[in-house]
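Structure data follow from start26.txt (compact mmCIF, C-alpha atoms):
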```
# COMPACT_ATOMS: atom_id res chain seq x y z
CA MET Z 13 -74.51 -38.65 124.95
CA ASP Z 14 -74.21 -35.03 126.02
CA ILE Z 15 -70.46 -35.38 126.45
CA VAL Z 16 -70.01 -36.81 122.96
CA LYS Z 17 -72.07 -34.01 121.34
CA THR Z 18 -69.95 -31.42 123.00
CA LYS Z 19 -66.73 -32.83 121.53
CA VAL Z 20 -68.19 -32.89 117.98
CA VAL Z 21 -69.11 -29.22 118.13
CA LYS Z 22 -65.59 -28.20 119.17
CA GLN Z 23 -64.00 -30.23 116.37
CA LEU Z 24 -66.19 -28.61 113.69
CA SER Z 25 -65.33 -25.13 114.94
CA LEU Z 26 -61.61 -25.74 114.51
CA TRP Z 27 -62.05 -26.82 110.87
CA HIS Z 28 -64.03 -23.68 110.16
CA LYS Z 29 -61.22 -21.55 111.45
CA LEU Z 30 -58.66 -23.30 109.27
CA ILE Z 31 -60.79 -22.91 106.16
CA LEU Z 32 -61.37 -19.24 106.93
CA LEU Z 33 -57.62 -18.65 107.38
CA LEU Z 34 -56.80 -20.30 104.05
CA ALA Z 35 -59.43 -18.20 102.31
CA VAL Z 36 -57.98 -15.01 103.76
CA ILE Z 37 -54.46 -15.99 102.66
CA LEU Z 38 -55.71 -16.75 99.14
CA ILE Z 39 -57.52 -13.44 98.89
CA VAL Z 40 -54.45 -11.54 100.10
CA ALA Z 41 -52.24 -13.37 97.55
CA VAL Z 42 -54.60 -12.52 94.72
CA ILE Z 43 -54.77 -8.90 95.80
CA TYR Z 44 -50.98 -8.73 96.05
CA GLN Z 45 -50.55 -10.27 92.64
CA ARG Z 46 -52.98 -7.85 91.07
CA SER Z 47 -51.40 -4.91 92.85
CA SER Z 48 -47.93 -5.94 91.68
CA GLN Z 49 -49.11 -6.00 88.08
CA VAL Z 50 -51.59 -3.18 87.79
CA GLY Z 51 -51.54 -1.50 91.15
CA VAL Z 52 -48.66 0.94 90.29
CA SER Z 53 -49.87 4.18 88.79
CA VAL Z 54 -48.03 7.18 87.36
CA SER Z 55 -49.16 10.73 86.77
CA ARG Z 56 -49.48 11.83 83.17
CA SER Z 57 -47.72 15.09 84.02
CA ASN Z 58 -44.64 13.16 85.14
CA ILE Z 59 -44.15 11.11 81.98
CA ILE Z 60 -43.41 11.84 78.33
CA ILE Z 61 -45.48 10.00 75.73
CA SER Z 62 -44.34 9.92 72.11
CA ASP Z 63 -46.13 8.73 68.99
CA VAL Z 64 -44.54 6.14 66.71
CA ARG Z 65 -44.06 7.77 63.32
CA GLN Z 66 -43.17 6.62 59.84
CA GLY Z 67 -41.45 8.41 56.97
CA ALA Z 68 -38.12 9.81 55.89
CA LEU Z 69 -35.47 10.16 58.58
CA ALA Z 70 -32.11 11.89 58.37
CA ILE Z 71 -29.40 9.93 60.18
CA THR Z 72 -27.08 12.29 62.00
CA VAL Z 73 -23.98 12.07 64.13
CA THR Z 74 -23.99 14.42 67.08
CA GLY Z 75 -20.86 16.07 68.43
CA TYR Z 76 -19.83 18.97 70.60
CA GLY Z 77 -16.97 21.40 70.46
CA GLU Z 78 -16.16 25.05 69.92
CA LEU Z 79 -15.65 27.65 67.25
CA LYS Z 80 -12.12 28.57 66.22
CA SER Z 81 -10.58 31.07 63.85
CA ALA Z 82 -9.95 29.77 60.36
CA GLN Z 83 -6.84 31.98 60.20
CA GLN Z 84 -4.54 32.32 63.16
CA GLN Z 85 -1.25 34.14 63.61
CA LEU Z 86 1.25 33.37 66.35
CA LEU Z 87 3.33 36.33 67.50
CA THR Z 88 6.74 35.53 69.00
CA ALA Z 89 9.63 37.51 70.42
CA LYS Z 90 12.32 38.23 67.81
CA THR Z 91 15.07 38.72 70.37
CA LEU Z 92 15.79 38.61 74.09
CA ALA Z 93 13.73 41.34 75.76
CA THR Z 94 11.68 42.37 78.78
CA VAL Z 95 7.94 43.04 78.77
CA GLN Z 96 7.72 46.79 79.33
CA ALA Z 97 3.99 47.36 78.75
CA ILE Z 98 0.87 45.29 77.95
CA LEU Z 99 -1.44 47.49 75.91
CA LEU Z 100 -4.20 44.99 75.01
CA LYS Z 101 -5.64 41.93 76.74
CA PRO Z 102 -7.28 38.71 75.46
CA GLY Z 103 -10.66 39.33 73.86
CA ALA Z 104 -9.69 42.70 72.41
CA ILE Z 105 -10.53 43.36 68.77
CA VAL Z 106 -7.36 44.30 66.88
CA THR Z 107 -6.35 45.60 63.48
CA SER Z 108 -3.21 44.72 61.59
CA ASP Z 109 -1.27 47.66 63.06
CA SER Z 110 -2.53 47.42 66.65
CA VAL Z 111 0.33 47.38 69.17
CA ILE Z 112 -0.33 44.63 71.72
CA VAL Z 113 2.85 44.52 73.80
CA GLN Z 114 5.85 46.84 74.15
CA LEU Z 115 9.17 45.10 74.83
CA ALA Z 116 12.47 46.67 75.88
CA ASN Z 117 16.12 45.81 75.19
CA PRO Z 118 18.74 48.56 75.84
CA ALA Z 119 21.42 46.48 74.11
CA LEU Z 120 19.56 46.79 70.82
CA GLU Z 121 19.51 50.57 71.09
CA GLN Z 122 23.28 50.61 71.63
CA GLN Z 123 23.75 48.17 68.76
CA LEU Z 124 21.79 50.44 66.44
CA GLU Z 125 23.79 53.47 67.50
CA ASN Z 126 27.12 51.69 66.90
CA ALA Z 127 25.96 50.42 63.52
CA GLN Z 128 24.85 53.91 62.48
CA GLN Z 129 28.18 55.42 63.54
CA GLU Z 130 30.10 52.82 61.55
CA LEU Z 131 27.90 53.56 58.53
CA ASN Z 132 28.60 57.28 58.83
CA LYS Z 133 32.33 56.51 59.02
CA LEU Z 134 32.22 54.41 55.87
CA ASN Z 135 30.29 57.12 54.02
CA ALA Z 136 32.94 59.66 55.05
CA ASN Z 137 35.69 57.33 53.83
CA LEU Z 138 33.89 57.03 50.52
CA ARG Z 139 33.80 60.79 50.10
CA GLN Z 140 37.52 61.01 50.95
CA LEU Z 141 38.31 58.21 48.52
CA ARG Z 142 36.46 59.97 45.74
CA LEU Z 143 38.40 63.20 46.42
CA ASN Z 144 41.73 61.35 46.32
CA ASN Z 145 40.73 59.53 43.14
CA THR Z 146 39.76 62.81 41.50
CA ARG Z 147 43.13 64.34 42.46
CA GLU Z 148 45.07 61.37 41.08
CA LEU Z 149 43.04 61.39 37.89
CA LEU Z 150 43.68 65.09 37.32
CA ASN Z 151 47.42 64.55 37.82
CA GLU Z 152 47.40 61.68 35.37
CA ARG Z 153 45.46 63.72 32.83
CA SER Z 154 48.03 66.48 33.19
CA HIS Z 155 50.84 63.99 32.49
CA VAL Z 156 48.95 62.72 29.44
CA ALA Z 157 48.54 66.29 28.20
CA GLN Z 158 52.26 66.96 28.61
CA SER Z 159 53.14 63.77 26.78
CA HIS Z 160 50.71 64.65 24.01
CA ALA Z 161 52.23 68.14 23.64
CA ALA Z 162 55.78 66.76 23.52
CA TYR Z 163 54.73 64.18 20.93
CA GLU Z 164 53.02 66.78 18.74
CA ASN Z 165 56.10 69.00 18.94
CA ALA Z 166 58.33 66.10 17.94
CA LYS Z 167 56.01 65.18 15.09
CA LEU Z 168 56.04 68.75 13.72
CA LYS Z 169 59.82 68.88 13.97
CA LEU Z 170 60.15 65.58 12.11
CA LYS Z 171 57.79 66.78 9.40
CA ALA Z 172 59.78 69.96 8.93
CA GLU Z 173 63.15 68.17 8.81
CA THR Z 174 61.84 65.65 6.28
CA SER Z 175 61.89 68.29 3.50
CA LEU Z 176 65.05 69.93 4.75
CA VAL Z 177 67.08 66.74 4.87
CA GLU Z 178 66.46 66.26 1.15
CA GLN Z 179 67.86 69.72 0.53
CA GLY Z 180 70.86 69.01 2.71
CA ILE Z 181 69.96 71.69 5.19
CA VAL Z 182 69.52 69.17 8.03
CA SER Z 183 71.99 66.42 8.50
CA THR Z 184 70.91 62.84 8.29
CA LEU Z 185 72.04 62.27 11.86
CA ASN Z 186 69.82 65.02 13.25
CA TYR Z 187 66.93 63.75 11.17
CA GLN Z 188 67.30 60.26 12.56
CA ARG Z 189 67.46 61.67 16.08
CA SER Z 190 64.23 63.54 15.40
CA MET Z 191 62.64 60.31 14.16
CA LEU Z 192 63.75 58.49 17.29
CA ASP Z 193 62.38 61.25 19.55
CA GLU Z 194 59.06 61.15 17.73
CA GLN Z 195 58.77 57.38 18.20
CA GLN Z 196 59.68 57.55 21.90
CA LEU Z 197 57.22 60.33 22.59
CA ARG Z 198 54.49 58.46 20.70
CA GLN Z 199 55.08 55.40 22.87
CA GLN Z 200 55.13 57.50 26.06
CA LEU Z 201 51.81 59.09 25.06
CA ALA Z 202 50.25 55.66 24.49
CA ILE Z 203 51.55 54.46 27.86
CA ALA Z 204 50.27 57.60 29.58
CA LYS Z 205 46.80 57.09 28.06
CA GLN Z 206 46.84 53.44 29.11
CA ARG Z 207 47.84 54.39 32.67
CA SER Z 208 45.01 56.93 32.72
CA GLU Z 209 42.45 54.31 31.68
CA GLN Z 210 43.79 51.81 34.21
CA LEU Z 211 43.65 54.45 36.92
CA LYS Z 212 39.99 55.05 36.11
CA ALA Z 213 39.29 51.30 36.47
CA VAL Z 214 41.21 51.18 39.76
CA HIS Z 215 39.24 54.12 41.07
CA ILE Z 216 35.94 52.55 40.04
CA GLU Z 217 36.86 49.25 41.71
CA SER Z 218 38.03 50.94 44.91
CA GLU Z 219 34.78 52.89 45.08
CA ASN Z 220 32.78 49.70 44.44
CA ILE Z 221 34.59 47.97 47.31
CA GLN Z 222 33.79 50.88 49.56
CA LEU Z 223 30.16 50.91 48.39
CA GLU Z 224 29.91 47.19 49.12
CA GLN Z 225 31.14 47.77 52.65
CA ILE Z 226 28.60 50.58 53.02
CA LYS Z 227 25.86 48.29 51.73
CA GLN Z 228 26.79 45.61 54.24
CA GLN Z 229 26.81 48.15 57.02
CA GLN Z 230 23.46 49.51 55.88
CA GLY Z 231 22.12 45.97 56.20
CA LEU Z 232 23.36 45.84 59.78
CA VAL Z 233 21.72 49.18 60.49
CA VAL Z 234 18.42 48.03 58.95
CA MET Z 235 18.60 44.77 60.91
CA ALA Z 236 19.19 46.69 64.14
CA GLN Z 237 16.34 49.06 63.29
CA THR Z 238 14.05 46.11 62.54
CA GLN Z 239 14.96 44.39 65.81
CA LEU Z 240 14.29 47.62 67.65
CA ALA Z 241 10.97 48.08 65.83
CA ASN Z 242 10.00 44.47 66.62
CA LEU Z 243 10.04 45.39 70.29
CA SER Z 244 6.63 46.89 69.52
CA VAL Z 245 4.61 43.70 68.97
CA VAL Z 246 1.82 44.42 66.47
CA ALA Z 247 -1.09 42.14 65.56
CA GLY Z 248 -0.27 41.81 61.87
CA MET Z 249 -3.89 40.98 60.94
CA ASP Z 250 -7.44 42.03 61.72
CA GLY Z 251 -9.08 39.81 64.32
CA VAL Z 252 -9.27 39.18 68.03
CA LEU Z 253 -6.54 38.69 70.61
CA GLN Z 254 -7.12 35.10 71.74
CA ARG Z 255 -4.13 34.39 73.98
CA LEU Z 256 -1.48 36.43 75.82
CA PRO Z 257 0.72 34.13 77.96
CA ILE Z 258 3.08 36.79 79.33
CA GLU Z 259 3.20 39.14 82.30
CA LEU Z 260 4.50 42.62 82.90
CA GLY Z 261 8.23 42.63 83.65
CA GLN Z 262 8.73 39.09 82.35
CA SER Z 263 11.88 38.26 80.38
CA VAL Z 264 11.22 36.57 77.04
CA ASN Z 265 13.61 34.71 74.77
CA ALA Z 266 13.80 34.79 71.00
CA GLY Z 267 11.03 32.58 69.60
CA GLN Z 268 8.93 32.62 72.77
CA GLU Z 269 5.18 33.08 72.28
CA ILE Z 270 3.87 36.56 72.89
CA ALA Z 271 0.28 36.41 71.62
CA LEU Z 272 -2.14 34.51 69.40
CA ILE Z 273 -4.35 36.41 66.96
CA GLY Z 274 -7.38 34.80 65.31
CA SER Z 275 -9.77 35.97 62.64
CA VAL Z 276 -13.34 36.87 63.62
CA ASP Z 277 -14.94 36.99 60.18
CA SER Z 278 -13.72 33.53 59.13
CA LEU Z 279 -14.53 30.76 61.61
CA ILE Z 280 -14.57 26.96 61.71
CA ALA Z 281 -16.16 24.53 64.15
CA ILE Z 282 -13.98 21.87 65.78
CA ILE Z 283 -16.30 19.06 66.89
CA GLN Z 284 -15.53 15.97 69.02
CA VAL Z 285 -17.37 12.91 67.66
CA PRO Z 286 -17.56 9.47 69.36
CA GLN Z 287 -15.10 7.05 67.84
CA ASN Z 288 -17.76 4.41 67.09
CA GLN Z 289 -19.73 6.88 64.93
CA VAL Z 290 -16.96 8.58 62.96
CA ASP Z 291 -16.85 5.83 60.30
CA ASP Z 292 -20.14 7.16 58.88
CA ILE Z 293 -18.75 10.66 58.36
CA ARG Z 294 -17.41 11.73 54.96
CA LEU Z 295 -15.85 14.93 53.64
CA GLY Z 296 -18.40 17.34 52.20
CA GLN Z 297 -21.34 16.07 54.28
CA LEU Z 298 -23.73 18.74 55.51
CA ALA Z 299 -24.06 19.60 59.18
CA GLU Z 300 -26.08 21.88 61.42
CA VAL Z 301 -24.15 23.83 64.04
CA ASP Z 302 -26.08 25.18 67.01
CA THR Z 303 -24.32 28.33 68.27
CA ARG Z 304 -26.95 29.01 70.97
CA ARG Z 305 -27.68 32.14 68.93
CA GLY Z 306 -28.96 30.32 65.89
CA VAL Z 307 -28.42 27.26 63.72
CA VAL Z 308 -25.79 27.55 60.98
CA MET Z 309 -25.33 25.20 58.03
CA ALA Z 310 -21.80 23.82 57.64
CA LYS Z 311 -19.77 21.21 55.75
CA VAL Z 312 -17.29 18.58 56.90
CA SER Z 313 -13.86 19.81 55.76
CA ARG Z 314 -11.45 17.61 57.76
CA ILE Z 315 -11.51 14.38 59.77
CA SER Z 316 -8.60 13.85 62.13
CA PRO Z 317 -6.94 10.41 62.01
CA VAL Z 318 -6.08 10.65 65.73
CA VAL Z 319 -8.32 9.16 68.43
CA SER Z 320 -8.22 10.89 71.82
CA ASN Z 321 -10.38 9.86 74.79
CA ASN Z 322 -12.55 7.72 72.47
CA THR Z 323 -13.39 10.76 70.33
CA VAL Z 324 -12.25 12.00 66.94
CA GLU Z 325 -11.85 15.64 65.95
CA VAL Z 326 -13.96 16.74 62.97
CA GLU Z 327 -13.60 20.18 61.37
CA LEU Z 328 -16.63 21.94 59.91
CA SER Z 329 -16.35 24.90 57.56
CA LEU Z 330 -18.83 27.71 58.27
CA PRO Z 331 -20.26 30.40 55.97
CA LYS Z 332 -18.96 33.95 56.19
CA GLU Z 333 -22.25 35.38 57.41
CA LEU Z 334 -22.91 34.19 60.97
CA PRO Z 335 -25.34 35.24 63.72
CA GLU Z 336 -24.40 38.27 65.77
CA ASN Z 337 -22.09 37.84 68.77
CA VAL Z 338 -20.67 34.59 67.34
CA ARG Z 339 -16.99 34.56 68.26
CA PRO Z 340 -14.03 32.19 68.54
CA GLN Z 341 -13.99 29.72 71.47
CA LEU Z 342 -17.80 29.72 71.64
CA THR Z 343 -19.16 26.29 72.69
CA VAL Z 344 -21.38 24.70 70.04
CA ASP Z 345 -23.19 21.45 69.23
CA ALA Z 346 -23.36 19.94 65.75
CA ASN Z 347 -25.47 17.35 63.94
CA ILE Z 348 -23.74 15.87 60.89
CA LYS Z 349 -26.12 14.36 58.32
CA VAL Z 350 -24.56 11.05 57.30
CA ALA Z 351 -27.54 9.31 55.60
CA GLN Z 352 -31.17 9.77 54.55
CA LEU Z 353 -33.53 6.88 55.36
CA LYS Z 354 -36.85 6.50 53.52
CA ASP Z 355 -40.09 5.02 54.85
CA VAL Z 356 -38.81 3.94 58.26
CA THR Z 357 -40.53 3.68 61.65
CA TYR Z 358 -39.08 5.93 64.33
CA ILE Z 359 -39.76 7.70 67.59
CA GLU Z 360 -38.22 10.36 69.78
CA ARG Z 361 -35.22 8.79 71.43
CA PRO Z 362 -36.22 7.44 74.89
CA ALA Z 363 -34.08 8.14 77.92
CA ASN Z 364 -30.91 6.03 78.20
CA VAL Z 365 -31.55 4.20 74.92
CA LYS Z 366 -28.57 3.61 72.64
CA PRO Z 367 -28.61 2.84 68.90
CA HIS Z 368 -28.77 -0.83 67.85
CA SER Z 369 -30.09 -2.02 71.21
CA VAL Z 370 -33.19 -3.75 72.66
CA ARG Z 371 -35.14 -2.17 75.50
CA ASP Z 372 -38.45 -2.65 77.34
CA LEU Z 373 -40.79 0.31 77.02
CA TYR Z 374 -44.36 0.87 78.17
CA GLN Z 375 -46.86 0.94 75.33
CA VAL Z 376 -49.93 3.07 76.10
CA ASN Z 377 -53.34 1.52 75.40
CA SER Z 378 -55.92 3.18 73.17
CA GLN Z 379 -57.82 4.68 76.14
CA GLN Z 380 -54.51 6.06 77.52
CA GLN Z 381 -55.41 4.78 80.99
CA SER Z 382 -52.74 2.09 81.28
CA ALA Z 383 -49.58 0.84 79.63
CA HIS Z 384 -47.86 -2.52 79.34
CA LEU Z 385 -44.26 -3.50 78.63
CA VAL Z 386 -43.15 -4.42 75.11
CA ASP Z 387 -39.72 -5.29 73.71
CA ILE Z 388 -38.51 -2.66 71.25
CA LYS Z 389 -35.58 -3.25 68.92
CA PHE Z 390 -33.88 0.02 67.95
CA GLY Z 391 -31.74 0.83 64.92
CA ARG Z 392 -29.82 3.95 63.97
CA GLU Z 393 -30.00 7.27 65.79
CA ALA Z 394 -31.03 10.46 64.03
CA GLY Z 395 -30.52 13.43 66.31
CA ARG Z 396 -33.38 13.38 68.83
CA PHE Z 397 -35.04 10.50 66.95
CA ILE Z 398 -34.17 6.82 66.73
CA GLU Z 399 -35.20 4.12 64.26
CA ILE Z 400 -37.55 1.29 65.43
CA LEU Z 401 -36.80 -2.06 63.79
CA SER Z 402 -39.47 -4.10 65.59
CA GLY Z 403 -41.84 -4.07 68.56
CA ALA Z 404 -43.98 -1.04 67.70
CA GLN Z 405 -46.12 0.12 64.80
CA LEU Z 406 -47.27 3.41 63.31
CA ASP Z 407 -49.49 5.60 65.54
CA GLN Z 408 -48.84 3.54 68.67
CA GLN Z 409 -47.71 5.47 71.72
CA LEU Z 410 -44.72 4.70 73.96
CA ILE Z 411 -43.59 6.20 77.22
CA ILE Z 412 -40.07 7.50 76.60
CA SER Z 413 -39.42 8.74 80.14
CA ASP Z 414 -36.95 6.84 82.30
CA LEU Z 415 -39.10 4.28 84.19
CA THR Z 416 -36.37 1.72 84.82
CA ASN Z 417 -37.39 1.41 88.48
CA LEU Z 418 -40.87 0.22 87.38
CA THR Z 419 -40.00 -2.03 84.43
CA ARG Z 420 -38.05 -4.35 86.73
CA SER Z 421 -41.14 -5.42 88.68
CA ASN Z 422 -44.27 -4.15 86.86
CA SER Z 423 -45.32 -5.38 83.45
CA GLU Z 424 -48.31 -3.04 83.49
CA ILE Z 425 -48.95 0.37 85.02
CA LEU Z 426 -51.91 2.71 85.42
CA ILE Z 427 -51.94 6.28 84.07
CA ASN Z 428 -53.95 8.87 85.95
```
Just dump the structure as structure tokens.
Amino acid sequence: MDIVKTKVVKQLSLWHKLILLLAVILIVAVIYQRSSQVGVSVSRSNIIISDVRQGALAITVTGYGELKSAQQQLLTAKTLATVQAILLKPGAIVTSDSVIVQLANPALEQQLENAQQELNKLNANLRQLRLNNTRELLNERSHVAQSHAAYENAKLKLKAETSLVEQGIVSTLNYQRSMLDEQQLRQQLAIAKQRSEQLKAVHIESENIQLEQIKQQQGLVVMAQTQLANLSVVAGMDGVLQRLPIELGQSVNAGQEIALIGSVDSLIAIIQVPQNQVDDIRLGQLAEVDTRRGVVMAKVSRISPVVSNNTVEVELSLPKELPENVRPQLTVDANIKVAQLKDVTYIERPANVKPHSVRDLYQVNSQQQSAHLVDIKFGREAGRFIEILSGAQLDQQLIISDLTNLTRSNSEILIN
């Protein structure tokens, strides 16, 4: 009997151990399950909590870009030349008569000198021609005067013989000779006057031809002077020197860029907008441009039809009065107001959330001690806000920090 009792005691002890082991495993599983659901805690200082709001919401399209001059002027070389001196550098404020670059071309100087000498020669020829014409005209006038005197003498003689021939003092033959002389001299006088008038016309035409040659040569002189003056490259407008792609001693060809001048008192903003958002933009829509020195109101003035790197270029017109130190090529951000929503539910845009998407966010309980995951359906974006279509109600609170590493394995977290 003693041996049998001993065996029973040992068997009962083994069962107790098994039951105890199962209990421990069950307790550990429960603890693990609870810890996986509620055991993770986050510090309030490390998260951002936002209230769900309701009301009017302006839908905006955000873009980035830079300021550019509304008026620009490209300066190019007018002829082959060498960069002799660079007087101003990019960023310099210029006026319309500011000299930026001095070019050199010795051939132009020689060309101007030759053209001026030829002009002087033609002017001298004109003076000589006028002297010769005056001499010829005086000679012709003298011949006309002689012919006129001979004709008047013949006319007086004929008049005197007319009364004498009736009296028989002058023979009929002599009278007829006098008549013939008078007619011939009258014709010679008419021819002499005609030659004199024709000579005047010839002189005028010859002088006009010479004047035309002088005019053409003056044009060559002015062109050479202009080309020589163009070697001093001036700004041509008030503004800022934006670009100067040349170096000292460099040879430049006709038409090659020398400098780019842009206005400083008339600016526009060139903004790059995502391609999938540009369809909402219309001409004349209002926009806010952040210049880092203040926010400026603007209007959409142009939408480029070209897509580059999944973005579209949008031009915004700016007012004349801008914050101080605003200049061309300044980096800016812009929010274009494309719509105005009324009575919508919205929240500050959570991290990594895109418009028209569904995401899991932690909703904070009323005691703000814990939060649990909820599915939020988002709508349109409005700057730093985004529309909530479903999943949250007014005055509820959501954690908008990036907690992706927790949402994958924890449906509920503690806040301490």
request  = For Z:Arg207, list every protein, DNA or RNA residue within 8 Å, evaluated using all atoms listed in the file, and leave out those in the same chain fewer than 4 positions away; present the list as a ChimeraX atom specification.
outcome  = /Z:152,203,211
request  = Using all atoms listed in the file, determine which residues lie at most 10 Å from Z:Thr72, disregarding the query and same-chain residues fewer than 6 positions distant; provide the list as a ChimeraX atom specification.
outcome  = /Z:289,292-293,298-300,346-352,392-397
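The shortest atom-to-atom distance to Z:Asp355, with all atoms listed in the file taken into account, belongs to Z:Ile400 out of Z:Ser183, Z:Met235, Z:Ile112, Z:Ile400.
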task = Please identify all polymer residues lying at most 9 Å from the point (27.4, 51.4, 56.2) (file coordinates), using all atoms listed in the file, and present the result as a count of residues only.
result = 20
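When the distance limit is 12 Å and all atoms listed in the file are what count, the residues near Z:Gln210, minus those fewer than 5 positions from it on the same chain, are Glu148, Leu149, Glu152, Ile203, Ala204, Lys205, His215, Ile216 and Glu217 of chain Z.
Relative to atom CA of Z:Ser369, atom CA of Z:Gln408 is found at 19.7 Å.
Interatomic distance, atom CA of Z:Val312 to atom CA of Z:Ala68: 22.6 Å.
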inquiry  = Is it possible to get the residues within 12 Å of (60.3, 69.8, 13.0) (coordinates as in the file, counting all atoms listed in the file) written as a list in words?
reply    = Ala162, Tyr163, Glu164, Asn165, Ala166, Lys167, Leu168, Lys169, Leu170, Lys171, Ala172, Glu173, Thr174, Ser175, Leu176, Val177, Val182, Asn186, Tyr187, Gln188, Arg189, Ser190, Met191, Asp193 and Glu194 of chain Z
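Between atom CA of Z:Gln297 and atom CA of Z:Val324 lies a distance of 16.1 Å.
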Among the residues Z:Ala363, Z:Gly77, Z:Leu86, Z:Gly67, the one that comes closest to Z:Glu325 [using all atoms listed in the file] = Z:Gly77
ask   = Which residue gives the smallest distance to Z:Val318 among Z:Leu92, Z:Ala241, Z:Val285, Z:Ala404, with all atoms listed in the file counted?
value = Z:Val285
